[in-house]
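Coordinates from coords-v5.cif are shown below (mmCIF, C-alpha atoms).
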data_work
#
loop_
_atom_site.label_atom_id
_atom_site.label_comp_id
_atom_site.auth_asym_id
_atom_site.auth_seq_id
_atom_site.Cartn_x
_atom_site.Cartn_y
_atom_site.Cartn_z
CA MET A 1 7.88 23.43 6.28
CA GLU A 2 5.37 23.77 3.47
CA GLU A 3 7.62 26.02 1.45
CA ASN A 4 10.24 23.24 1.36
CA TYR A 5 7.86 21.25 -0.80
CA THR A 6 8.01 23.66 -3.76
CA ILE A 7 10.31 23.36 -6.73
CA GLN A 8 10.38 26.14 -9.26
CA SER A 9 10.58 25.29 -12.95
CA LYS A 10 13.69 26.30 -14.85
CA SER A 11 11.70 28.17 -17.41
CA GLU A 12 8.12 28.52 -18.51
CA THR A 13 8.91 27.00 -21.89
CA GLU A 14 10.67 23.91 -20.56
CA VAL A 15 7.73 22.69 -18.51
CA LYS A 16 4.15 23.21 -19.65
CA PRO A 17 1.92 21.98 -16.84
CA LEU A 18 -1.79 21.50 -17.27
CA LEU A 19 -3.00 23.93 -14.61
CA LEU A 20 -6.45 23.81 -13.12
CA LYS A 21 -8.42 26.91 -12.21
CA SER A 22 -7.57 26.66 -8.52
CA SER A 23 -4.56 25.33 -6.67
CA VAL A 24 -4.64 22.61 -4.05
CA SER A 25 -3.87 25.07 -1.28
CA ALA A 26 -6.84 27.19 -2.34
CA GLN A 27 -9.05 24.11 -2.36
CA ARG A 28 -7.97 23.24 1.16
CA LYS A 29 -8.83 26.75 2.34
CA ASN A 30 -12.27 26.66 0.71
CA LEU A 31 -13.03 23.14 1.93
CA PRO A 32 -14.38 23.15 5.51
CA ARG A 33 -12.09 21.45 7.95
CA PHE A 34 -14.67 18.87 9.04
CA LYS A 35 -14.98 17.71 5.42
CA ASN A 36 -11.22 17.13 5.32
CA VAL A 37 -11.49 15.02 8.45
CA LEU A 38 -14.47 13.07 7.18
CA ALA A 39 -12.87 12.47 3.77
CA PHE A 40 -9.71 11.17 5.42
CA ALA A 41 -11.74 9.06 7.88
CA VAL A 42 -13.56 7.43 4.96
CA CYS A 43 -10.19 6.65 3.34
CA CYS A 44 -9.01 5.01 6.58
CA PHE A 45 -12.18 2.93 6.79
CA LEU A 46 -11.80 1.89 3.15
CA ASN A 47 -8.24 0.80 3.89
CA PHE A 48 -9.58 -1.23 6.82
CA VAL A 49 -12.24 -2.86 4.62
CA LEU A 50 -9.74 -3.57 1.86
CA SER A 51 -7.37 -5.29 4.30
CA CYS A 52 -10.26 -7.35 5.68
CA ALA A 53 -11.27 -8.34 2.17
CA PHE A 54 -7.86 -9.75 1.33
CA SER A 55 -7.27 -11.45 4.68
CA ILE A 56 -10.62 -13.29 4.78
CA LEU A 57 -9.49 -15.56 1.94
CA GLY A 58 -7.14 -17.58 4.13
CA PRO A 59 -9.52 -19.52 6.39
CA PHE A 60 -11.93 -20.97 3.81
CA PHE A 61 -11.09 -20.13 0.18
CA PRO A 62 -8.36 -22.82 -0.19
CA ILE A 63 -10.86 -25.40 1.12
CA GLU A 64 -13.56 -24.29 -1.31
CA ALA A 65 -11.10 -24.26 -4.22
CA ALA A 66 -9.74 -27.70 -3.34
CA GLN A 67 -13.29 -29.09 -3.48
CA LYS A 68 -13.41 -27.86 -7.09
CA GLY A 69 -10.27 -29.84 -7.86
CA VAL A 70 -7.94 -26.82 -7.91
CA SER A 71 -4.31 -27.57 -7.05
CA SER A 72 -2.33 -25.69 -4.41
CA THR A 73 -0.24 -24.05 -7.12
CA LEU A 74 -3.32 -22.69 -8.88
CA ILE A 75 -4.79 -21.52 -5.56
CA GLY A 76 -1.61 -19.55 -4.99
CA SER A 77 -1.86 -18.13 -8.50
CA ILE A 78 -5.44 -16.98 -7.87
CA VAL A 79 -4.48 -15.27 -4.61
CA SER A 80 -1.42 -13.67 -6.24
CA ALA A 81 -3.37 -12.29 -9.22
CA SER A 82 -4.50 -9.22 -7.28
CA PRO A 83 -1.09 -8.02 -5.99
CA PHE A 84 0.41 -8.79 -9.42
CA CYS A 85 -2.16 -6.48 -10.99
CA VAL A 86 -1.35 -3.77 -8.43
CA VAL A 87 2.37 -4.01 -9.26
CA ILE A 88 1.65 -3.45 -12.95
CA LEU A 89 -1.12 -0.85 -12.77
CA SER A 90 -0.02 1.37 -9.85
CA PRO A 91 2.66 3.18 -11.89
CA PHE A 92 0.12 3.60 -14.70
CA PHE A 93 -2.47 5.21 -12.42
CA GLY A 94 0.27 7.25 -10.81
CA TYR A 95 1.39 8.71 -14.12
CA TYR A 96 -2.09 9.37 -15.48
CA GLY A 97 -3.55 10.37 -12.11
CA SER A 98 -3.52 14.06 -13.00
CA SER A 99 -5.49 13.33 -16.19
CA ILE A 100 -7.92 10.90 -14.56
CA GLY A 101 -8.28 12.98 -11.41
CA VAL A 102 -7.62 11.78 -7.88
CA ARG A 103 -11.22 12.35 -6.80
CA PHE A 104 -12.65 10.46 -9.78
CA MET A 105 -10.11 7.64 -9.37
CA LEU A 106 -10.94 7.19 -5.68
CA LEU A 107 -14.67 7.14 -6.38
CA ILE A 108 -14.33 4.60 -9.20
CA SER A 109 -12.13 2.41 -6.99
CA THR A 110 -14.97 2.04 -4.47
CA LEU A 111 -17.31 0.83 -7.21
CA VAL A 112 -14.79 -1.58 -8.73
CA LEU A 113 -13.83 -3.04 -5.35
CA GLY A 114 -17.42 -3.32 -4.11
CA VAL A 115 -18.71 -5.06 -7.21
CA SER A 116 -15.72 -7.40 -7.66
CA PHE A 117 -15.70 -8.48 -4.00
CA SER A 118 -19.46 -9.11 -4.02
CA LEU A 119 -19.28 -11.13 -7.25
CA PHE A 120 -16.40 -13.20 -5.86
CA GLY A 121 -18.85 -14.74 -3.40
CA LEU A 122 -20.76 -16.23 -6.32
CA VAL A 123 -17.85 -18.32 -7.66
CA SER A 124 -18.83 -21.12 -5.29
CA LYS A 125 -22.03 -21.49 -7.32
CA ILE A 126 -20.05 -22.47 -10.40
CA GLY A 127 -20.28 -26.16 -11.27
CA GLU A 128 -17.68 -28.79 -10.56
CA GLU A 129 -15.63 -27.89 -13.64
CA GLY A 130 -12.35 -26.55 -12.26
CA GLY A 131 -11.37 -24.58 -15.36
CA THR A 132 -14.41 -22.29 -15.28
CA PHE A 133 -14.01 -21.74 -11.54
CA ILE A 134 -10.34 -20.82 -11.94
CA ALA A 135 -11.04 -18.46 -14.83
CA PHE A 136 -13.75 -16.53 -12.97
CA CYS A 137 -11.64 -16.34 -9.81
CA ILE A 138 -8.63 -14.94 -11.66
CA ILE A 139 -10.73 -12.40 -13.60
CA LEU A 140 -12.38 -11.12 -10.42
CA ARG A 141 -9.04 -11.00 -8.59
CA LEU A 142 -7.63 -8.93 -11.45
CA PHE A 143 -10.52 -6.49 -11.08
CA GLN A 144 -9.86 -6.38 -7.34
CA GLY A 145 -6.21 -5.61 -8.08
CA THR A 146 -7.25 -2.82 -10.46
CA GLY A 147 -9.47 -1.26 -7.80
CA THR A 148 -6.75 -1.64 -5.19
CA ALA A 149 -4.17 0.10 -7.39
CA MET A 150 -6.59 2.96 -7.98
CA PHE A 151 -7.44 3.22 -4.29
CA PHE A 152 -3.90 3.24 -2.91
CA THR A 153 -2.59 5.64 -5.53
CA SER A 154 -5.44 8.10 -5.05
CA SER A 155 -5.74 7.80 -1.25
CA TYR A 156 -2.02 8.49 -0.70
CA ALA A 157 -2.19 11.53 -2.95
CA LEU A 158 -5.40 12.74 -1.32
CA SER A 159 -4.00 12.39 2.20
CA THR A 160 -0.92 14.38 1.20
CA ALA A 161 -3.06 17.14 -0.29
CA LEU A 162 -5.32 17.37 2.76
CA TYR A 163 -2.55 17.31 5.38
CA PRO A 164 0.78 18.29 3.74
CA LYS A 165 2.45 19.09 7.07
CA ASN A 166 1.57 15.76 8.70
CA ILE A 167 2.31 13.17 6.04
CA GLY A 168 3.85 10.73 8.54
CA LEU A 169 0.85 10.98 10.84
CA VAL A 170 -1.75 10.38 8.12
CA MET A 171 0.26 7.48 6.69
CA GLY A 172 0.51 6.03 10.18
CA LEU A 173 -3.25 6.22 10.65
CA LEU A 174 -3.82 4.60 7.24
CA GLU A 175 -1.47 1.77 8.20
CA VAL A 176 -3.18 1.36 11.58
CA ALA A 177 -6.50 0.93 9.78
CA GLY A 178 -4.95 -1.57 7.38
CA GLY A 179 -3.26 -3.51 10.18
CA MET A 180 -6.52 -3.71 12.09
CA GLY A 181 -8.21 -5.10 8.99
CA PHE A 182 -5.58 -7.79 8.55
CA ALA A 183 -5.81 -8.66 12.25
CA ILE A 184 -9.56 -9.20 12.48
CA GLY A 185 -10.27 -10.12 8.84
CA PRO A 186 -9.77 -13.89 9.22
CA ALA A 187 -11.96 -14.00 12.33
CA VAL A 188 -14.69 -11.93 10.66
CA GLY A 189 -14.49 -14.03 7.50
CA SER A 190 -14.68 -17.31 9.42
CA GLY A 191 -17.66 -16.11 11.45
CA LEU A 192 -19.58 -14.93 8.40
CA TYR A 193 -18.69 -18.16 6.59
CA GLU A 194 -20.19 -20.18 9.42
CA LEU A 195 -23.35 -18.05 9.35
CA GLY A 196 -24.02 -17.85 5.62
CA GLY A 197 -21.53 -19.96 3.72
CA PHE A 198 -19.06 -18.79 1.07
CA LEU A 199 -21.28 -16.00 -0.26
CA LEU A 200 -21.95 -13.96 2.90
CA PRO A 201 -18.39 -12.78 3.76
CA PHE A 202 -17.83 -11.33 0.29
CA VAL A 203 -21.28 -9.72 0.06
CA VAL A 204 -20.77 -7.98 3.42
CA ILE A 205 -17.25 -6.84 2.57
CA GLY A 206 -18.25 -5.79 -0.94
CA ALA A 207 -21.20 -3.75 0.33
CA CYS A 208 -18.95 -1.50 2.45
CA PRO A 209 -17.12 0.27 -0.43
CA LEU A 210 -20.40 0.67 -2.30
CA LEU A 211 -22.06 2.30 0.72
CA LEU A 212 -19.10 4.66 1.11
CA PHE A 213 -19.43 5.97 -2.43
CA VAL A 214 -21.99 8.61 -1.42
CA PRO A 215 -20.01 9.99 1.58
CA LEU A 216 -16.89 10.20 -0.57
CA TYR A 217 -18.79 11.96 -3.34
CA ILE A 218 -20.08 14.52 -0.84
CA PHE A 219 -16.93 15.19 1.19
CA LEU A 220 -14.18 15.05 -1.42
CA PRO A 221 -13.10 18.31 -3.14
CA ASP A 222 -14.89 19.01 -6.40
CA SER A 223 -11.71 19.89 -8.33
CA ASP A 224 -9.02 17.43 -9.32
CA ILE A 225 -6.29 17.49 -6.71
CA PRO A 226 -3.14 17.32 -8.92
CA VAL A 227 -2.43 20.70 -10.53
CA GLN A 228 0.17 19.54 -13.07
CA ARG A 229 0.77 16.50 -15.19
CA LEU A 230 4.37 15.34 -15.24
CA SER A 231 6.21 14.95 -18.50
CA SER A 232 7.79 11.62 -19.45
CA ARG A 233 11.18 13.18 -18.85
CA ALA A 234 10.26 14.10 -15.27
CA VAL A 235 8.98 10.59 -14.58
CA CYS A 236 12.20 9.09 -15.95
CA THR A 237 14.15 11.41 -13.66
CA LEU A 238 12.27 9.98 -10.69
CA LEU A 239 12.71 6.37 -11.78
CA ARG A 240 16.44 6.83 -12.42
CA SER A 241 17.05 8.34 -8.99
CA PHE A 242 19.10 5.97 -6.83
CA PRO A 243 17.70 7.32 -3.52
CA MET A 244 14.15 6.90 -4.83
CA LEU A 245 14.81 3.30 -5.92
CA CYS A 246 16.64 2.58 -2.68
CA ILE A 247 13.72 3.63 -0.47
CA ALA A 248 11.26 1.84 -2.76
CA LEU A 249 13.37 -1.32 -2.37
CA CYS A 250 13.10 -0.92 1.40
CA ASN A 251 9.35 -1.30 1.09
CA VAL A 252 9.67 -4.32 -1.20
CA LEU A 253 12.02 -6.13 1.18
CA ALA A 254 10.15 -5.25 4.38
CA LEU A 255 6.82 -6.50 3.05
CA ALA A 256 8.49 -9.55 1.47
CA ALA A 257 9.86 -10.41 4.92
CA LEU A 258 6.37 -10.18 6.38
CA GLY A 259 5.04 -12.41 3.59
CA PHE A 260 7.79 -14.94 4.20
CA PHE A 261 7.00 -14.98 7.91
CA THR A 262 3.25 -15.38 7.35
CA SER A 263 3.58 -18.26 4.91
CA THR A 264 6.32 -20.29 6.62
CA PHE A 265 6.27 -19.63 10.36
CA SER A 266 3.12 -21.61 11.16
CA PRO A 267 4.49 -24.97 9.89
CA PHE A 268 7.69 -24.32 11.86
CA LEU A 269 5.74 -23.68 15.08
CA VAL A 270 3.56 -26.77 14.67
CA ASN A 271 6.06 -29.27 13.26
CA LYS A 272 9.30 -28.21 14.94
CA LEU A 273 8.29 -26.52 18.18
CA HIS A 274 5.08 -28.60 18.61
CA VAL A 275 2.95 -25.56 19.36
CA PRO A 276 -0.79 -26.40 19.26
CA VAL A 277 -2.53 -25.09 16.18
CA ALA A 278 -4.99 -23.10 18.30
CA ARG A 279 -2.13 -21.13 19.88
CA THR A 280 -0.49 -20.25 16.58
CA GLY A 281 -3.35 -17.82 15.99
CA LEU A 282 -2.24 -15.85 19.05
CA VAL A 283 1.28 -15.65 17.63
CA PHE A 284 -0.01 -14.25 14.34
CA LEU A 285 -2.33 -11.85 16.13
CA ALA A 286 0.66 -10.34 17.93
CA GLY A 287 2.18 -9.23 14.62
CA PRO A 288 -0.63 -6.88 13.52
CA VAL A 289 -0.92 -5.50 17.06
CA VAL A 290 2.76 -4.58 17.17
CA TYR A 291 2.47 -3.24 13.62
CA MET A 292 -0.39 -0.90 14.57
CA LEU A 293 1.41 0.38 17.67
CA ALA A 294 4.60 0.98 15.68
CA ALA A 295 2.64 2.82 12.98
CA LEU A 296 1.07 5.12 15.58
CA VAL A 297 4.51 5.94 16.96
CA ALA A 298 6.42 6.19 13.69
CA GLY A 299 3.93 8.53 12.00
CA PRO A 300 4.04 11.65 14.19
CA LEU A 301 7.65 11.10 15.32
CA SER A 302 8.92 10.87 11.74
CA ASP A 303 7.19 14.19 11.01
CA LYS A 304 9.11 15.70 13.91
CA PHE A 305 12.51 13.99 13.86
CA GLY A 306 12.93 12.92 10.23
CA THR A 307 12.21 9.80 8.22
CA ARG A 308 15.53 8.03 7.76
CA PRO A 309 16.14 6.98 11.40
CA PHE A 310 12.83 5.11 11.42
CA ILE A 311 13.38 3.51 8.01
CA ILE A 312 16.81 2.27 9.04
CA CYS A 313 15.57 1.08 12.43
CA GLY A 314 12.67 -0.78 10.79
CA LEU A 315 15.05 -2.68 8.52
CA LEU A 316 17.51 -3.52 11.27
CA VAL A 317 14.76 -4.74 13.61
CA TRP A 318 13.69 -7.00 10.70
CA PHE A 319 9.98 -7.18 11.45
CA GLY A 320 9.68 -3.50 12.35
CA ALA A 321 7.83 -3.13 9.07
CA ALA A 322 5.67 -0.18 10.13
CA LEU A 323 8.80 1.79 10.98
CA THR A 324 9.81 1.39 7.34
CA PHE A 325 6.45 1.77 5.57
CA VAL A 326 5.03 4.80 7.37
CA PRO A 327 7.89 7.29 6.83
CA ALA A 328 8.87 5.91 3.41
CA TYR A 329 6.19 7.82 1.51
CA ALA A 330 7.21 11.17 3.01
CA ASP A 331 10.85 10.35 2.34
CA MET A 332 10.16 9.52 -1.31
CA LEU A 333 8.19 12.75 -1.71
CA ASN A 334 11.14 14.72 -0.40
CA ILE A 335 13.51 12.87 -2.72
CA ALA A 336 11.21 13.75 -5.62
CA LYS A 337 11.14 17.36 -4.43
CA SER A 338 14.94 17.53 -4.39
CA LEU A 339 15.27 16.33 -8.00
CA ASP A 340 15.43 18.78 -10.88
CA THR A 341 12.04 17.97 -12.40
CA GLY A 342 10.60 21.49 -12.57
CA TYR A 343 7.42 20.49 -10.72
CA ASN A 344 6.21 21.27 -7.22
CA LEU A 345 5.46 18.54 -4.69
CA GLU A 346 1.71 18.61 -5.19
CA SER A 347 2.29 17.62 -8.82
CA LEU A 348 4.54 14.72 -7.85
CA THR A 349 2.22 13.04 -5.36
CA THR A 350 0.33 10.71 -7.70
CA VAL A 351 3.49 9.43 -9.40
CA VAL A 352 5.21 8.78 -6.06
CA SER A 353 1.99 7.16 -4.77
CA GLY A 354 2.03 4.82 -7.76
CA ILE A 355 5.68 3.92 -7.17
CA ILE A 356 5.26 3.09 -3.49
CA SER A 357 2.00 1.20 -4.07
CA SER A 358 3.72 -0.91 -6.73
CA ALA A 359 6.68 -1.53 -4.42
CA LEU A 360 4.49 -2.69 -1.54
CA SER A 361 2.54 -5.07 -3.76
CA CYS A 362 5.77 -6.39 -5.26
CA GLY A 363 6.89 -7.34 -1.75
CA ASP A 364 3.48 -8.79 -0.97
CA LEU A 365 3.71 -10.91 -4.12
CA SER A 366 7.32 -12.05 -3.86
CA GLY A 367 7.63 -12.73 -0.11
CA PRO A 368 5.49 -15.89 0.14
CA PHE A 369 6.85 -17.25 -3.15
CA VAL A 370 10.52 -16.74 -2.27
CA GLY A 371 9.90 -17.97 1.26
CA GLY A 372 8.25 -21.12 -0.04
CA VAL A 373 11.12 -21.84 -2.41
CA LEU A 374 13.73 -21.28 0.31
CA THR A 375 12.00 -23.50 2.85
CA ASP A 376 11.61 -26.26 0.24
CA TYR A 377 15.40 -26.46 -0.05
CA LEU A 378 16.44 -25.09 3.35
CA ASP A 379 14.91 -25.14 6.82
CA PHE A 380 12.99 -22.23 8.31
CA GLN A 381 15.87 -21.04 10.50
CA THR A 382 18.32 -20.79 7.60
CA SER A 383 15.74 -19.06 5.40
CA ALA A 384 15.00 -16.56 8.17
CA VAL A 385 18.70 -15.80 8.53
CA ILE A 386 18.95 -15.12 4.78
CA PHE A 387 16.01 -12.70 4.92
CA GLY A 388 17.49 -11.06 7.99
CA GLU A 389 20.87 -10.56 6.32
CA ILE A 390 19.22 -9.04 3.25
CA LEU A 391 17.31 -6.55 5.42
CA LEU A 392 20.45 -5.79 7.40
CA ALA A 393 22.37 -5.07 4.19
CA GLN A 394 19.57 -2.82 2.94
CA GLY A 395 19.50 -0.97 6.26
CA LEU A 396 23.24 -0.34 6.08
CA LEU A 397 22.85 0.83 2.47
CA VAL A 398 20.21 3.39 3.50
CA LEU A 399 22.44 4.51 6.37
CA LEU A 400 25.36 4.96 3.97
CA LEU A 401 23.11 6.84 1.54
CA THR A 402 21.97 9.18 4.31
CA LEU A 403 25.54 9.88 5.43
CA VAL A 404 26.64 10.60 1.86
CA GLU A 405 23.69 12.95 1.29
CA ARG A 406 24.57 14.89 4.42
CA ARG A 407 28.24 14.98 3.47
CA VAL A 408 27.56 16.45 0.03
CA GLY A 409 24.84 18.74 1.34
CA LYS A 410 22.01 17.06 -0.55
CA HIS A 411 19.86 16.15 2.42
CA THR A 412 16.50 14.86 1.17
CA GLU A 413 14.90 13.28 4.21
CA THR A 414 12.15 15.02 6.10
CA SER A 415 13.41 17.20 8.87
CA PRO A 416 11.55 19.11 11.58
#
Using the file provided, produce a representation of the structure as structure tokens.
Amino acid sequence: MEENYTIQSKSETEVKPLLLKSSVSAQRKNLPRFKNVLAFAVCCFLNFVLSCAFSILGPFFPIEAAQKGVSSTLIGSIVSASPFCVVILSPFFGYYGSSIGVRFMLLISTLVLGVSFSLFGLVSKIGEEGGTFIAFCIILRLFQGTGTAMFFTSSYALSTALYPKNIGLVMGLLEVAGGMGFAIGPAVGSGLYELGGFLLPFVVIGACPLLLFVPLYIFLPDSDIPVQRLSSRAVCTLLRSFPMLCIALCNVLALAALGFFTSTFSPFLVNKLHVPVARTGLVFLAGPVVYMLAALVAGPLSDKFGTRPFIICGLLVWFGAALTFVPAYADMLNIAKSLDTGYNLESLTTVVSGIISSALSCGDLSGPFVGGVLTDYLDFQTSAVIFGEILLAQGLLVLLLTLVERRVGKHTETSP
């Protein structure tokens, strides 16, 4: 299967890659297997910590901000600053990842995330002036978004380099770690808030990436993982590809649907169905649990049976988000491989990582906003139907795309 990931350049003069002294495959052979496992385990734990860090805001940050006189609109803007930054910067880090270096980018992301999360706990110490509080919150959230963009772009590329034959499995494990963080983050944040106030949750969460800097420095390969830097023409080829944009849109819509559900379902349960507030937490806990189980299943099975059936099924099931996210990265890598860029797959990983990271954050950013606008003018049921129809249409589009690719003999999805 590994040989399917290689694309030969048309000519040596057309593409002039910046080659390192050793290839990625050589690095993997020289790197002891236990270091690969430990490096990937650290990435999973960082993904868990990052998810916790973003989910702990919900229980107490809006209350703290409201006491400073911050409106609900501005609170939403503060929370949205981080995913907005990821949308903008992920393609940048993806394109320049070969110049920056995946290893260096991942290490710097731990420092940026650790420091920015720790400092965020100090914003409660700012005086009663709302403007200063808002400014510091937005600045720190932008730094958190910068670190997040660096982390996701580099961790996806690193995982692909370490385990090129099991991309679905490693993506599934990363998503399981992230889902677990989102599931327990609010509870952890609330508990730490009760123990030590606003500062303690962010100091504890911020300390984790900083403590992981040393293990990452030890276990990660010494050489930069990408072996070539893509030309602007090659990047444009990727961005103009309809299959690439179609699968990226799947990620946007699936995560937007989750954001819509998270931001609008609780008022519907309490106000319309008269479910006690205490029980709504159980409803929202079920989502991450199902997500983690689906990620565990979709990862290895997509490696064996192909990516498109799971992507289509995830869209048609509506909230089968993990079935869409986990195989999407492998599918986009194979689409990139099939294009006439003149670069092998190992050179395309950082750019594709940047694209998918930007797509996921775009969905994370747009889902709650669009859901809020829809429910302001329509009820929850009608809004849910609209989201469901959009996902259904996207699922049928991916199905049609897959059938056309097979008909013309340009089959890009992962196959066993």
Open item on the list: Give me the residues near stretch 143-159 of chain A as a list in words, where near means some atom within 7 Å (using only C-alpha atoms) and where sequence neighbours in that chain fewer than 4 positions away do not count.
Closed with: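 My reading of the contact set: Phe40, Cys43, Ser82, Pro83, Cys85, Val86, Leu89, Ser90, Phe93, Gly94, Val102, Met105, Leu106, Ser109, Val112, Leu113, Ser116, Ile139, Tyr163, Val170, Thr349, Thr350, Ser353, Gly354 and Ser357 of chain A.
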Once you have the residues from the selection above, write them out as a CSV table (one decimal), in the frame of the given file, restricted to C-alpha atoms.
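Resulting contents of again21.csv:
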chain,number,residue,atom,x,y,z
A,40,PHE,CA,-9.7,11.2,5.4
A,43,CYS,CA,-10.2,6.6,3.3
A,82,SER,CA,-4.5,-9.2,-7.3
A,83,PRO,CA,-1.1,-8.0,-6.0
A,85,CYS,CA,-2.2,-6.5,-11.0
A,86,VAL,CA,-1.4,-3.8,-8.4
A,89,LEU,CA,-1.1,-0.8,-12.8
A,90,SER,CA,0.0,1.4,-9.8
A,93,PHE,CA,-2.5,5.2,-12.4
A,94,GLY,CA,0.3,7.2,-10.8
A,102,VAL,CA,-7.6,11.8,-7.9
A,105,MET,CA,-10.1,7.6,-9.4
A,106,LEU,CA,-10.9,7.2,-5.7
A,109,SER,CA,-12.1,2.4,-7.0
A,112,VAL,CA,-14.8,-1.6,-8.7
A,113,LEU,CA,-13.8,-3.0,-5.4
A,116,SER,CA,-15.7,-7.4,-7.7
A,139,ILE,CA,-10.7,-12.4,-13.6
A,163,TYR,CA,-2.6,17.3,5.4
A,170,VAL,CA,-1.8,10.4,8.1
A,349,THR,CA,2.2,13.0,-5.4
A,350,THR,CA,0.3,10.7,-7.7
A,353,SER,CA,2.0,7.2,-4.8
A,354,GLY,CA,2.0,4.8,-7.8
A,357,SER,CA,2.0,1.2,-4.1
Task: Atom pair atom CA of A:Leu122 / atom CA of A:Leu199: separation (Å) - done: 6.1 Å
- [ ] Please identify all polymer residues within 9 Å of stretch 48-56 of chain A, counting only C-alpha atoms, omitting same-chain residues fewer than 4 positions from it, and present them as JSON, numbers by chain.
- [x] {"A": [43, 44, 60, 61, 79, 113, 117, 148, 174, 175, 176, 177, 178, 179, 180, 181, 182, 183, 184, 185, 186, 187, 188, 189, 190, 201, 202, 205, 206, 208, 209]}
Open item on the list: Please list, as a list of chain:residue names, the residues that have an atom at most 12 Å away from (18.3, -3.9, 15.0) in the coordinates of this file, counting all atoms listed in the file.
Closed with: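 Residues lying no farther than 12 Å from the given point: A:Pro309, A:Phe310, A:Ile311, A:Ile312, A:Cys313, A:Gly314, A:Leu315, A:Leu316, A:Val317, A:Trp318, A:Phe319, A:Gly320, A:Leu323, A:Gly388, A:Glu389, A:Leu391, A:Leu392, A:Ala393, A:Gly395, A:Leu396.
Proximity to A:Tyr329 was assessed for A:Gly172, A:Gly259, A:Pro215, A:Gly371 counting all atoms listed in the file; the smallest distance is recorded for A:Gly172.
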- [ ] Quote the spacing between atom CA of A:Met332 and atom CA of A:Ser302 in Å to one decimal place.
- [x] 13.2 Å
Task: Result set, the PyMOL selection byres ((chain A and resi 243) around 10) on current file, as an NGL selection string - done: :A and (238-242 or 244-249 or 331-332 or 335-336 or 398 or 401-402 or 405 or 412)
Task: Residue among A:Ile386, A:Leu212, A:Leu253, A:Ala234 lying closest to A:Ala41, counting only C-alpha atoms - done: A:Leu212
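You will find atom CA of A:Ile138 at 6.4 Å from atom CA of A:Ala81.
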TODO: Name the residues in contact with A:Val252 at a cut-off of 12 Å, using all atoms listed in the file, excluding same-chain residues fewer than 2 positions from it; report them as a ChimeraX atom specification.
DONE: /A:87,245-250,254-259,315,321,324-325,328,355-367,390-391,394
